[in-house]
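Engineer: Mind having a look at this structure? Questions to follow.
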Amino acid sequence: MSVLAVGMSHRSADVRLLERVTVAAADVPKVLHDLLACPNVTEAVLVSTCNRVEVYAVVEAFHAGLSDVVGVLARHAGADPTALHDHLYVHYAASAVQHLFTVAAGLDSMVVGESQILGQVRIAYGTATECGTVGRSLHELVQQALRIGKRVHTDTGLDQVGGSVVSEALADADRSLGGLAGRSALIVGAGSMGGLAAAALRRAGVGEVVIANRSAANGERLAAALLEQGVPARAVVGLHDLTALIAAADVVVSCTGAVGAVIPVEAVAARTTPLVVCDLGLPRDVEDGVGELPGVHVVDLVSLQRRLAETPSGLDTRRAAEIVAEEVRGYLAAQRSAEVTPTVTALRRRAAEVVDAELLRLDSRLPDLDDPVRDELARTVRRVVDKLLHTPTVRVKELASGPAGTGYAEALRELFQLDPQKPAAVAVASEDKT
């Protein structure tokens with residue numbers, strides 16, 4: 001059995017589809033139980049946030065498990081499974097491990113380095129545990145992911161990367177416009193990146209901020225926070241009035257996370273005064289060609305990340321990615337090593353059975369042998385067998401931690417005709433000390 005990760009996020013689907021698939025907190029237990037009721041799923045954890053929905057499941061087989069998981073998500077969303085396939089990403093086995101570790105570290109978030117996702121993974125694990133859908137495999141995997149997320153935030157400055165991107169973008173805007181103080185700003189999207197942009201614009205002394213967001217709650221909350229800090233601000237629900245809003249702005253910060261452009265060329269073409277557009281969406285929010293319009297300067301995320309690559313924030317991102325890669329290698333090596341333990345245990349049990357049989361034969365052939373001599377012979381034979389087995393059993397565990405590790409365990413099973421799946425062998429696995 002292996003781990004399967006099936007997900008949909010701001011990177012793979014538009015907002016409307018993502019909202020359909022998103023699972024409300026109250027519905028998570030039902031979806032988890034539906035997953036566990038599938039014939040090929042033995043464990044499940046569901047992470048559902050405003051930007052992503054991900055199922056981590058232990059499955060009997062890849063294709064059958066994938067069909068089960070997609071089927072449950074489709075039924076919840078009231079959609080045909082085929083309608084979801086083009087917008088889902090799938091990771092299996094080692095790739096699923098790497099994806100979860102990357103997510104927990106904040107490297108897959110819309111705002112790179114944000115720590116909120118770590119708490120969301122922890123909540124998802126807690127809910128699944130309460131529902132009884134977490135077994136040994138997902139327990140170990142998620143606990144490792146949570147530890148790695150903490151390590152990344154402790155050992156690097158990744159938390160500051162999102163703020164650095166926004167600051168660099170607005171520094172460009174400041175230079176292009178000859179200062180941001182007193183200027184009018186439009187923020188398209190009121191998520192985490194939008195919040196960072198609002199804080200940076202406030203510090204820059206902008207005269208007014210308008211927040212356009214598809215839903216009312218986040219936009220109004222962000223506008224209210226700015227008003228409390230003395231910045232004139234208002235929220236607009238929906239993106240249908242972008243042309244008029246852009247016409248009244250000096251700087252636009254777009255960070256919706258939508259799939260496809262939300263700021264087309266025609267929404268900007270009517271501008272007659274200088275405008276800076278900071279495209280911080282992932283994927284891009286601004287249509288190609290906007291930057292070619294007279295008086296319009298576009299700052300995009302790709303150029304910002306390239307510029308920041310050798311700065312402390314860029315180095316922190318690289319260091320975080322290195323930590324995740326290192327932890328993935330260590331986790332997979334430990335898993336491969338653990339998988340060989342039943343085989344090693346079965347080998348030791350087979351050796352013990354052979355020794356016992358030979359000692360019993362010795363007793364029948366030499367019934368008058370003195371007890372001290374018999375005991376010394378038994379100890380000697382067992383000691384010889386232990387010494388002969390020590391090096392190969394230690395070595396096979398070391399070799400098993402490598403990429404081709406399962407082959408060594410298979411060779412042992414074939415050579416000694418072992419069946420490590422016997423209950424006796426598995427039950428005493430913890431007794432092996434080598």
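Each chain in the structure tokens gets a letter, A, B and so on, in the order shown; residues start at 1 in every chain, and ligands are counted from 1 in the order they appear.
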When you look at Ala200 (chain A) with a cut-off of 9 Å (counting only C-alpha atoms), what residues show up, excluding the ones that are within fewer than 2 positions of it in the same chain? I need them as a PDB file with C-alpha atoms, in the first residue's frame.
Structural biologist:
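File out10.pdb, as written:
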```pdb
ATOM      1  CA  GLY A 163       6.307  40.519   2.194  1.00  0.00           C
ATOM      2  CA  VAL A 166       5.137  42.873  -2.287  1.00  0.00           C
ATOM      3  CA  SER A 167       7.682  45.412  -1.043  1.00  0.00           C
ATOM      4  CA  LEU A 170       5.638  48.541  -4.699  1.00  0.00           C
ATOM      5  CA  GLY A 195      -3.463  41.745   2.943  1.00  0.00           C
ATOM      6  CA  LEU A 196       0.302  42.154   2.577  1.00  0.00           C
ATOM      7  CA  ALA A 197      -0.244  44.665  -0.250  1.00  0.00           C
ATOM      8  CA  ALA A 198      -2.729  46.660   1.839  1.00  0.00           C
ATOM      9  CA  ARG A 202      -0.622  51.983   4.099  1.00  0.00           C
ATOM     10  CA  ARG A 203       3.032  52.310   5.096  1.00  0.00           C
ATOM     11  CA  ALA A 204       3.735  54.057   1.777  1.00  0.00           C
ATOM     12  CA  GLY A 205       1.124  56.726   2.618  1.00  0.00           C
TER      13      GLY A 205
END
```
Engineer: DSSP says strand (DSSP E) for which residues of region 128-213 of chain A? Put them as JSON, numbers by chain?
Structural biologist: {"A": [184, 185, 186, 187, 188, 208, 209, 210, 211, 212, 213]}
Engineer: Env of region 77-81 of chain A: 10 Å cut, atoms = only C-alpha atoms, seq-sep filter 4 positions within chain, self excluded. Answer as a PyMOL selection string.
Structural biologist: chain A and resi 17-23+67+69-73+85-86
Engineer: Residues of region 121-207 of chain A that approach region 290-310 of chain A to 8 Å or less, counting only C-alpha atoms: could you list each one with the shortest pair of atoms and its distance in Å to one decimal, rows by chain and increasing residue number, as JSON lines?
Structural biologist:
```
{"residue": "A:Val165", "atom": "CA", "partner": "A:Leu304", "partner_atom": "CA", "distance": 6.6}
{"residue": "A:Glu168", "atom": "CA", "partner": "A:Leu304", "partner_atom": "CA", "distance": 7.1}
{"residue": "A:Ala169", "atom": "CA", "partner": "A:Val299", "partner_atom": "CA", "distance": 6.4}
{"residue": "A:Asp172", "atom": "CA", "partner": "A:Val299", "partner_atom": "CA", "distance": 7.5}
{"residue": "A:Ser176", "atom": "CA", "partner": "A:His297", "partner_atom": "CA", "distance": 7.8}
```
Engineer: Find the spatial neighbours of Gln335 (chain A), counting only C-alpha atoms, within a cut-off of 10 Å - ignore same-chain residues fewer than 4 positions away - and output them as a count of residues only.
Structural biologist: 8
Engineer: Rank nothing, just name the residue among A:Asp241, A:Asp14, A:Asp316, A:Glu54 nearest to Val112 (chain A), using only C-alpha atoms.
Structural biologist: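 Ranking A:Asp241, A:Asp14, A:Asp316, A:Glu54 by distance to Val112 (chain A), first place goes to A:Asp316.
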Engineer: Check the smallest atom-to-atom distance from each of A:Ala216, A:Leu138, A:Val253, A:Leu146 to Ala185 (chain A) using only C-alpha atoms, then report the winner.
Structural biologist: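 The shortest atom-to-atom distance to Ala185 (chain A) comes from A:Val253.
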Engineer: Hey, what's within 8 Å of Ala61 (chain A) if we count only C-alpha atoms and toss same-chain stuff fewer than 3 positions away? As a ChimeraX atom specification, please?
Structural biologist: /A:1-2,40,64-65
